[in-house]
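Encoded as structure tokens, the structure appears first; notes follow it.
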Amino acid sequence: MNAALSGNAPIGRRALLKFAGLAGAAAILPLSGCGAAPSTQNGVTTLRFMQNKPEVVAYFNQVIKDFEALNPDIRVIQDFNEGNFVPGLVRNDPPDVVTRGFAQATADFVKKGIFADLSDMPVAATIDPEIQELISSWGQYNGNEVSALPFSLAAAGVIYNRDIFEARGVAVPTTWDEFVAACETFKAAGIAPIYGTYKDPWTLAQGMFDYVAGGSLDVAEFFSKLNGRGAAITADAPESFANNFGPALPKMLQLASFAQNGAASKNYADGNAAFAKGQAAMYLQGPWALSQLVAANKGIRLGSFPLPVTNNPEDTKARVNVDMALSITRNTPNMAAAQRFVNYLLEPSVVNTYNEKNAAFSPLKDAPAVENPQISGLGASVKEARYYQGAGTYFPPSVPLNNYVQSFVYSKNGEQFLAALDDEWRRVAERTAV
Amino acid sequence: MTASTLTDTLTGAAAPARKARRSRRSRRSGREGYKVNWWLTALMIVASLTVLLPLYFTVAMALKSPDQIGTGTGLAWPNPMNWENFAAAYVATNFPRAFMSTAFVTVLSVLGSLASSSLVAYAIARNWNRKFFRGSFVYLLSAMFIPFPVIILPLIKQTALLGLDNPAGVVFLHVLGGISFNTLLYIAFVRSIPVELEESARMDGATTWQVFRKIIFPLLAPMNATVGIFAFLGSWNDFLLPQMMIADPSLQTLPVVQMLFQGEFNTNYSLAFASYLMAMAPTLVVYILAQRWVLSGVMRGAVK
């Protein structure tokens with residue numbers, strides 16, 4: 001027994017070490033082979049396409065299937081795990097084609113030169129220059145590169161319940177006075193004019209704050225002047241919030257007064273459920289809420305109109321955001337294939353169909369008029385480029401705008417609200433000044 | 001008539017039916033003075049509701065159609081039940097593939113944690129008198145003070161260079177990340193095992209490896225259960241590490257794939273809950289089967 005044990009022991013240890021060594025080598029050798037090499041096998045190039053809207057994954061799977069049928073030498077893998085984008089950059093193996101909502105966060109990547117210049121691509125010429133401008137207004141790499149081509153433009157206004165409007169004989173308002181009169185009509189009939197979801201402060205910022213600000217002043221110009229002033233901004237400067245947003249605030253409070261009772265304790269999901277059941281006539285939400293409303297009530301008849309903030313119908317504008325913009329990463333080893341994929345996505349039949357089906361607007365110059373009755377009310381504003389990007393989207397994430405808007409709606413103290421915004425803006429400008 | 005006199009009068013009766021009732025009664029106020037503590041029972045009911053109620057919501061939600069979700073208080077049981085939610089979630093997440101990936105990560109992480117931490121703990125505990133081992137213990141412990149998000153980007157770079165940007169890398173990091181805490185648990189336990197047991201084995205000629213494999217490791221069973229449970233839950237539910245580490249979307253684990261149901265502004269609640277329920281199933285089944293060891297294991301860890 002003793003002998004057997006001691007005889008076994010050295011072999012056991014040696015075998016163990018050998019096993020550990022082999023296992024280690026086996027783990028590292030084959031794996032290190034598959035780094036960031038160009039992904040071409042048997043003449044088939046594999047592209048990775050990252051998009052950040054989980055709700056359209058199934059739709060894009062079909063688009064990809066159609067593309068692969070036409071281009072048998074390219075295989076496209078869809079990845080909706082946007083959290084993997086920055087790690088992809090870190091490991092120098094980012095996805096080849098990326099779509100993101102285009103605003104400040106994506107513009108930061110653009111300014112660092114992460115995306116390739118697409119201005120030479122023929123499809124770039126088919127894009128409506130006004131919509132392309134929405135992207136380049138955030139800053140361009142080297143001052144002139146086109147880092148992203150818009151794929152889908154979301155326009156937001158007031159979603160309204162057509163049945164309630166028709167039952168009360170209310171027409172879609174085109175001026176602020178008409179809008180207030182419509183609200184009074186609903187209120188008198190015991191219907192909540194607007195469904196408020198103040199528990200989710202972002203709904204306040206994207207709803208009443210962006211709409212009223214966008215309708216009463218030139219948002220893009222205001223922020224470009226504000227940025228020009230940099231850290232020198234004070235409350236009494238002509239570029240300050242205090243000196244520009246003042247006239248907008250009473251209208252925000254008036255909007256708030258038309259919300260149902262108990263709006264403070266309702267969140268976005270509550271709002272969707274209640275509005276779908278017809279508990280209010282209007283809802284200050286963008287097209288992203290439409291699918292949720294229809295899911296909760298298939299029979300609901302919805303429409304949208306841009307919120308009129310002045311009494312001149314010509315001033316009425318819609319809030320837009322570039323919901324999807326296509327980019328190609330600069331260092332991709334599959335540039336030719338990636339360009340073919342982007343070209344395909346921007347073919348009128350593909351891009352127009354996507355937007356028609358997903359309650360958004362096509363970015364192409366000669367896009368057909370939108371027929372979807374849920375958003376057709378915003379069509380004229382988009383066609384004539386009477387739109388703005390939400391004032392809230394210009395704020396750096398370190399300024400908690402949503403919470404400030406929320407506390408303003410509760411406290412009704414406009415002076416304090418604007419002074420806080422000026423203070424916060426200056427603080428951030430001081431920190432980030434180079 | 002009080003309960004105790006009632007039992008007394010019943011004691012004499014011989015009918016078997018009465019006997020059965022008596023035994024039930026005697027449980028309530030038996031001869032040993034066992035009484036129901038109604039306050040404590042109420043507390044227990046509330047406590048179990050904190051687990052059962054969310055579980056009920058999960059099951060009910062998973063069986064609802066989208067238009068049933070918005071109606072009522074949410075407590076109502078869906079009628080009719082929508083079993084096709086499970087099928088839809090199964091297809092949308094490509095469940096079998098994601099499940100296998102998660103299972104691969106979890107099984108290897110559990111085995112790796114058990115093997116590596118117990119070995120390390122044994123080595124350190126039995127060489128406590130040497131400076132190097134004491135130092136290495138402090139070194140391992142100090143890893144617990146580094147918050148994970150601080151090192152995630154360097155780790156991503158490093159694992160990519162080593163070709164570990166895949167589930168194998170996640171396993172590796174799970175094992176590595178668990179070493180400090182698990183070793184802490186194991187060391188305390190190894191110390192409580194009498195050295196004499198090992199000495200007698202050595203008298204019979206056992207090597208260190210044999211002592212560990214044949215004597216120490218089996219004695220560590222309660223702590224193995226504790227560490228195994230922590231490792232299992234930690235890697236089965238882990239979101240951040242797989243999300244950032246696994247480059248190939250087709251190898252992604254369940255918690256990450258399930259993001260599919262949650263857009264920025266849209267949540268498909270019924271499919272999400274159906275999918276969560278399917279992902280939870282293995283944990284629940286393992287818990288129900290292994291309840292006894294889970295509880296005893298956690299308790300051992302708490303006392304020793």
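Letters A, B, ... mark the chains of the structure tokens in the order given; residue numbers begin at 1 per chain; ligand numbers begin at 1, in order shown.
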### Task
Please provide as a PyMOL selection string all residues within 12 Å of Tyr90 (chain B), with the sequence filter that same-chain residues fewer than 2 positions apart are discarded (counting only C-alpha atoms).
chain B and resi 83-88+92-99+254+257-258+260+271-279
### Interface list for chain B, partner chain A, 6 Å threshold, only C-alpha atoms, as a list in words
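Within 6 Å of chain A on chain B, we get Pro66, Asp67, Gly70, Lys157, Ala160, Leu162, Gly163, Gly205, Met244, Pro249, Leu260 and Gly263 of chain B.
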#### Entry: Non-local contacts of region 105-117 of chain B (10 Å; only C-alpha atoms; under 2 positions in same chain excluded) as a PyMOL selection string
chain B and resi 99-103+119-123+166-187+217+223-238+242+253
### Shell of 10 Å around region 186-203 of chain A, only C-alpha atoms, local chain residues under 3 positions omitted, as a PyMOL selection string
chain A and resi 158-160+164-165+168+170+180-183+206-210+255-272+274-275+278-286+392+400-407+409-410
Selection above as a file: C-alpha atoms, as a PDB file, in the first residue's frame:
ATOM      1  CA  VAL A 158     -48.360  65.749 -30.164  1.00  0.00           C
ATOM      2  CA  ILE A 159     -49.924  62.311 -30.502  1.00  0.00           C
ATOM      3  CA  TYR A 160     -53.709  62.632 -30.439  1.00  0.00           C
ATOM      4  CA  ILE A 164     -61.814  61.772 -29.023  1.00  0.00           C
ATOM      5  CA  PHE A 165     -61.074  64.720 -31.329  1.00  0.00           C
ATOM      6  CA  ARG A 168     -65.858  66.587 -29.548  1.00  0.00           C
ATOM      7  CA  VAL A 170     -62.199  69.505 -32.384  1.00  0.00           C
ATOM      8  CA  VAL A 180     -55.474  76.159 -25.734  1.00  0.00           C
ATOM      9  CA  ALA A 181     -59.093  76.343 -26.865  1.00  0.00           C
ATOM     10  CA  ALA A 182     -59.013  72.638 -27.753  1.00  0.00           C
ATOM     11  CA  CYS A 183     -57.622  71.826 -24.305  1.00  0.00           C
ATOM     12  CA  GLN A 206     -38.431  65.705 -24.539  1.00  0.00           C
ATOM     13  CA  GLY A 207     -42.099  66.696 -24.372  1.00  0.00           C
ATOM     14  CA  MET A 208     -43.003  70.127 -23.090  1.00  0.00           C
ATOM     15  CA  PHE A 209     -39.481  71.537 -22.707  1.00  0.00           C
ATOM     16  CA  ASP A 210     -38.219  70.617 -26.175  1.00  0.00           C
ATOM     17  CA  LEU A 255     -49.251  72.789 -20.805  1.00  0.00           C
ATOM     18  CA  ALA A 256     -48.670  71.287 -17.377  1.00  0.00           C
ATOM     19  CA  SER A 257     -51.984  72.663 -16.142  1.00  0.00           C
ATOM     20  CA  PHE A 258     -53.794  70.673 -18.838  1.00  0.00           C
ATOM     21  CA  ALA A 259     -52.391  67.342 -17.638  1.00  0.00           C
ATOM     22  CA  GLN A 260     -54.592  64.832 -15.830  1.00  0.00           C
ATOM     23  CA  ASN A 261     -54.664  64.715 -12.052  1.00  0.00           C
ATOM     24  CA  GLY A 262     -51.842  62.703 -10.537  1.00  0.00           C
ATOM     25  CA  ALA A 263     -49.455  63.092 -13.463  1.00  0.00           C
ATOM     26  CA  ALA A 264     -46.590  63.270 -10.969  1.00  0.00           C
ATOM     27  CA  SER A 265     -46.979  59.606 -10.064  1.00  0.00           C
ATOM     28  CA  LYS A 266     -47.263  58.216 -13.604  1.00  0.00           C
ATOM     29  CA  ASN A 267     -44.357  56.935 -15.630  1.00  0.00           C
ATOM     30  CA  TYR A 268     -43.921  56.348 -19.345  1.00  0.00           C
ATOM     31  CA  ALA A 269     -45.333  52.806 -19.267  1.00  0.00           C
ATOM     32  CA  ASP A 270     -48.382  53.981 -17.266  1.00  0.00           C
ATOM     33  CA  GLY A 271     -48.887  56.750 -19.777  1.00  0.00           C
ATOM     34  CA  ASN A 272     -48.829  54.357 -22.730  1.00  0.00           C
ATOM     35  CA  ALA A 274     -53.676  54.875 -20.056  1.00  0.00           C
ATOM     36  CA  PHE A 275     -53.520  56.780 -23.338  1.00  0.00           C
ATOM     37  CA  GLY A 278     -58.482  56.635 -24.277  1.00  0.00           C
ATOM     38  CA  GLN A 279     -57.942  58.310 -20.921  1.00  0.00           C
ATOM     39  CA  ALA A 280     -56.667  61.520 -22.511  1.00  0.00           C
ATOM     40  CA  ALA A 281     -56.959  63.339 -25.811  1.00  0.00           C
ATOM     41  CA  MET A 282     -53.297  64.171 -26.384  1.00  0.00           C
ATOM     42  CA  TYR A 283     -49.906  62.811 -25.457  1.00  0.00           C
ATOM     43  CA  LEU A 284     -46.622  64.702 -25.833  1.00  0.00           C
ATOM     44  CA  GLN A 285     -44.605  61.807 -27.189  1.00  0.00           C
ATOM     45  CA  GLY A 286     -42.669  60.858 -30.259  1.00  0.00           C
ATOM     46  CA  GLY A 392     -32.552  68.775 -24.372  1.00  0.00           C
ATOM     47  CA  PRO A 400     -29.259  66.805 -15.140  1.00  0.00           C
ATOM     48  CA  LEU A 401     -31.664  68.801 -17.316  1.00  0.00           C
ATOM     49  CA  ASN A 402     -34.517  66.308 -16.955  1.00  0.00           C
ATOM     50  CA  ASN A 403     -34.569  66.739 -13.208  1.00  0.00           C
ATOM     51  CA  TYR A 404     -34.399  70.510 -13.447  1.00  0.00           C
ATOM     52  CA  VAL A 405     -37.387  70.534 -15.803  1.00  0.00           C
ATOM     53  CA  GLN A 406     -39.253  68.252 -13.423  1.00  0.00           C
ATOM     54  CA  SER A 407     -38.591  70.444 -10.417  1.00  0.00           C
ATOM     55  CA  VAL A 409     -42.915  71.977 -13.325  1.00  0.00           C
ATOM     56  CA  TYR A 410     -43.543  71.264  -9.630  1.00  0.00           C
TER      57      TYR A 410
END
### Query
Please, what distance in Å, to one decimal, runs between CA of Ala360 (chain A) and CA of Ala154 (chain A)?
4.9 Å
### Task
Tell me which protein, DNA and RNA residues are within 9 Å of region 75-82 of chain B, counting only C-alpha atoms, leaving out same-chain ones fewer than 3 positions away, and put them as a list in words.
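That gives Tyr56, Phe57, Ala60, Met61, Ala62, Leu63, Lys64, Ser65, Gln68, Ile69, Gly72, Asn85 and Phe86 of chain B.
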### Task
List every residue of region 318-359 of chain A that DSSP, applied to the backbone, labels as helix (DSSP H, G or I), and write the result as a list in words.
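Restricting region 318-359 of chain A to helix (DSSP H, G or I) produces Met335, Ala336, Ala337, Ala338, Gln339, Arg340, Phe341, Val342, Asn343, Tyr344, Leu345, Pro348, Ser349, Val350, Val351, Asn352, Thr353, Tyr354, Asn355, Glu356 and Lys357 of chain A.
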Go ahead and write the residues just picked, N, CA and C atoms, as a PDB file, in the first residue's frame.
ATOM      1  N   MET A 335     -13.750  47.216 -46.177  1.00  0.00           N
ATOM      2  CA  MET A 335     -14.346  48.478 -46.588  1.00  0.00           C
ATOM      3  C   MET A 335     -15.270  48.323 -47.795  1.00  0.00           C
ATOM      4  N   ALA A 336     -14.820  47.592 -48.814  1.00  0.00           N
ATOM      5  CA  ALA A 336     -15.618  47.494 -50.050  1.00  0.00           C
ATOM      6  C   ALA A 336     -16.965  46.837 -49.753  1.00  0.00           C
ATOM      7  N   ALA A 337     -16.926  45.754 -49.001  1.00  0.00           N
ATOM      8  CA  ALA A 337     -18.166  45.048 -48.679  1.00  0.00           C
ATOM      9  C   ALA A 337     -19.075  45.922 -47.824  1.00  0.00           C
ATOM     10  N   ALA A 338     -18.469  46.646 -46.881  1.00  0.00           N
ATOM     11  CA  ALA A 338     -19.266  47.503 -46.000  1.00  0.00           C
ATOM     12  C   ALA A 338     -19.958  48.588 -46.813  1.00  0.00           C
ATOM     13  N   GLN A 339     -19.244  49.141 -47.818  1.00  0.00           N
ATOM     14  CA  GLN A 339     -19.861  50.181 -48.640  1.00  0.00           C
ATOM     15  C   GLN A 339     -21.005  49.623 -49.459  1.00  0.00           C
ATOM     16  N   ARG A 340     -20.827  48.379 -49.944  1.00  0.00           N
ATOM     17  CA  ARG A 340     -21.920  47.782 -50.708  1.00  0.00           C
ATOM     18  C   ARG A 340     -23.146  47.599 -49.823  1.00  0.00           C
ATOM     19  N   PHE A 341     -22.919  47.232 -48.572  1.00  0.00           N
ATOM     20  CA  PHE A 341     -24.055  47.032 -47.658  1.00  0.00           C
ATOM     21  C   PHE A 341     -24.762  48.364 -47.373  1.00  0.00           C
ATOM     22  N   VAL A 342     -23.972  49.398 -47.113  1.00  0.00           N
ATOM     23  CA  VAL A 342     -24.571  50.718 -46.850  1.00  0.00           C
ATOM     24  C   VAL A 342     -25.326  51.205 -48.085  1.00  0.00           C
ATOM     25  N   ASN A 343     -24.729  50.992 -49.263  1.00  0.00           N
ATOM     26  CA  ASN A 343     -25.414  51.350 -50.507  1.00  0.00           C
ATOM     27  C   ASN A 343     -26.761  50.671 -50.612  1.00  0.00           C
ATOM     28  N   TYR A 344     -26.752  49.381 -50.270  1.00  0.00           N
ATOM     29  CA  TYR A 344     -28.002  48.624 -50.375  1.00  0.00           C
ATOM     30  C   TYR A 344     -29.041  49.173 -49.401  1.00  0.00           C
ATOM     31  N   LEU A 345     -28.612  49.451 -48.174  1.00  0.00           N
ATOM     32  CA  LEU A 345     -29.564  49.932 -47.169  1.00  0.00           C
ATOM     33  C   LEU A 345     -30.176  51.262 -47.591  1.00  0.00           C
ATOM     34  N   PRO A 348     -33.640  53.355 -52.410  1.00  0.00           N
ATOM     35  CA  PRO A 348     -34.966  53.867 -52.036  1.00  0.00           C
ATOM     36  C   PRO A 348     -35.923  52.774 -51.566  1.00  0.00           C
ATOM     37  N   SER A 349     -35.909  51.615 -52.221  1.00  0.00           N
ATOM     38  CA  SER A 349     -36.885  50.598 -51.855  1.00  0.00           C
ATOM     39  C   SER A 349     -36.640  50.115 -50.419  1.00  0.00           C
ATOM     40  N   VAL A 350     -35.385  50.067 -50.005  1.00  0.00           N
ATOM     41  CA  VAL A 350     -35.096  49.557 -48.662  1.00  0.00           C
ATOM     42  C   VAL A 350     -35.351  50.632 -47.610  1.00  0.00           C
ATOM     43  N   VAL A 351     -34.761  51.798 -47.804  1.00  0.00           N
ATOM     44  CA  VAL A 351     -34.833  52.819 -46.754  1.00  0.00           C
ATOM     45  C   VAL A 351     -36.246  53.384 -46.640  1.00  0.00           C
ATOM     46  N   ASN A 352     -36.932  53.583 -47.786  1.00  0.00           N
ATOM     47  CA  ASN A 352     -38.288  54.117 -47.704  1.00  0.00           C
ATOM     48  C   ASN A 352     -39.237  53.122 -47.052  1.00  0.00           C
ATOM     49  N   THR A 353     -39.057  51.849 -47.373  1.00  0.00           N
ATOM     50  CA  THR A 353     -39.934  50.839 -46.782  1.00  0.00           C
ATOM     51  C   THR A 353     -39.720  50.758 -45.280  1.00  0.00           C
ATOM     52  N   TYR A 354     -38.452  50.767 -44.884  1.00  0.00           N
ATOM     53  CA  TYR A 354     -38.189  50.701 -43.438  1.00  0.00           C
ATOM     54  C   TYR A 354     -38.907  51.833 -42.711  1.00  0.00           C
ATOM     55  N   ASN A 355     -38.754  53.048 -43.214  1.00  0.00           N
ATOM     56  CA  ASN A 355     -39.312  54.200 -42.508  1.00  0.00           C
ATOM     57  C   ASN A 355     -40.836  54.201 -42.546  1.00  0.00           C
ATOM     58  N   GLU A 356     -41.390  53.775 -43.675  1.00  0.00           N
ATOM     59  CA  GLU A 356     -42.849  53.703 -43.763  1.00  0.00           C
ATOM     60  C   GLU A 356     -43.373  52.718 -42.706  1.00  0.00           C
ATOM     61  N   LYS A 357     -42.665  51.609 -42.547  1.00  0.00           N
ATOM     62  CA  LYS A 357     -43.151  50.572 -41.631  1.00  0.00           C
ATOM     63  C   LYS A 357     -42.883  50.914 -40.182  1.00  0.00           C
TER      64      LYS A 357
END
### Query
Contacts of Gln416 (chain A) at 12 Å or less, counting only C-alpha atoms, minus same-chain residues fewer than 3 places along, as an MDAnalysis selection string?
chainID A and resid 235 241:242 246 249 404:405 407:409 411:413 419:423
### Task
Just the residues within 9 Å of Glu198 (chain B), please, counting only C-alpha atoms, with nothing from its chain fewer than 4 positions along; format it as a ChimeraX atom specification.
/B:194,202-203,206,208,211-212,215-216
### Message
Between CA of Asp66 (chain A) and CA of Gln262 (chain B), what is the distance in Å, rounded to a tenth?
### Response
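A separation of 26.1 Å between them.
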Hey, what does DSSP flag as strand (DSSP E) within region 19-183 of chain A? Can you give it to me as a PDB file with C-alpha atoms, in the first residue's frame?
ATOM      1  CA  THR A  40     -12.890  36.419 -45.544  1.00  0.00           C
ATOM      2  CA  GLN A  41     -13.346  32.702 -45.904  1.00  0.00           C
ATOM      3  CA  VAL A  44     -17.242  35.121 -48.541  1.00  0.00           C
ATOM      4  CA  THR A  45     -16.678  38.285 -46.533  1.00  0.00           C
ATOM      5  CA  THR A  46     -18.317  38.445 -43.140  1.00  0.00           C
ATOM      6  CA  LEU A  47     -19.554  41.857 -42.049  1.00  0.00           C
ATOM      7  CA  ARG A  48     -20.674  42.779 -38.584  1.00  0.00           C
ATOM      8  CA  PHE A  49     -23.561  45.220 -38.492  1.00  0.00           C
ATOM      9  CA  MET A  50     -24.315  46.800 -35.133  1.00  0.00           C
ATOM     10  CA  GLN A  51     -27.636  48.505 -34.643  1.00  0.00           C
ATOM     11  CA  ILE A  74     -21.048  38.805 -48.316  1.00  0.00           C
ATOM     12  CA  ARG A  75     -22.445  37.492 -45.074  1.00  0.00           C
ATOM     13  CA  VAL A  76     -23.827  39.970 -42.548  1.00  0.00           C
ATOM     14  CA  ILE A  77     -24.074  39.318 -38.838  1.00  0.00           C
ATOM     15  CA  GLN A  78     -26.410  41.592 -36.938  1.00  0.00           C
ATOM     16  CA  ASP A  79     -25.438  42.600 -33.416  1.00  0.00           C
ATOM     17  CA  VAL A  97     -21.151  48.971 -40.158  1.00  0.00           C
ATOM     18  CA  VAL A  98     -22.758  50.810 -37.271  1.00  0.00           C
ATOM     19  CA  THR A  99     -26.052  52.582 -36.893  1.00  0.00           C
ATOM     20  CA  ARG A 100     -26.759  54.735 -33.896  1.00  0.00           C
ATOM     21  CA  GLY A 101     -29.138  57.458 -32.976  1.00  0.00           C
ATOM     22  CA  PHE A 102     -27.192  60.513 -34.025  1.00  0.00           C
ATOM     23  CA  LEU A 149     -25.504  59.009 -43.522  1.00  0.00           C
ATOM     24  CA  PRO A 150     -28.997  59.366 -42.072  1.00  0.00           C
ATOM     25  CA  PHE A 151     -31.179  56.304 -42.457  1.00  0.00           C
ATOM     26  CA  SER A 152     -34.232  57.196 -40.430  1.00  0.00           C
ATOM     27  CA  LEU A 153     -35.599  60.495 -39.185  1.00  0.00           C
ATOM     28  CA  ALA A 154     -38.004  60.421 -36.253  1.00  0.00           C
ATOM     29  CA  ALA A 155     -40.348  63.393 -36.001  1.00  0.00           C
ATOM     30  CA  ALA A 156     -42.130  64.036 -32.738  1.00  0.00           C
ATOM     31  CA  VAL A 158     -48.360  65.749 -30.164  1.00  0.00           C
ATOM     32  CA  ILE A 159     -49.924  62.311 -30.502  1.00  0.00           C
ATOM     33  CA  TYR A 160     -53.709  62.632 -30.439  1.00  0.00           C
ATOM     34  CA  ASN A 161     -56.622  60.261 -30.231  1.00  0.00           C
TER      35      ASN A 161
END
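The coordinates place CA of Asp128 (chain A) at 16.0 Å from CA of Gln389 (chain A).
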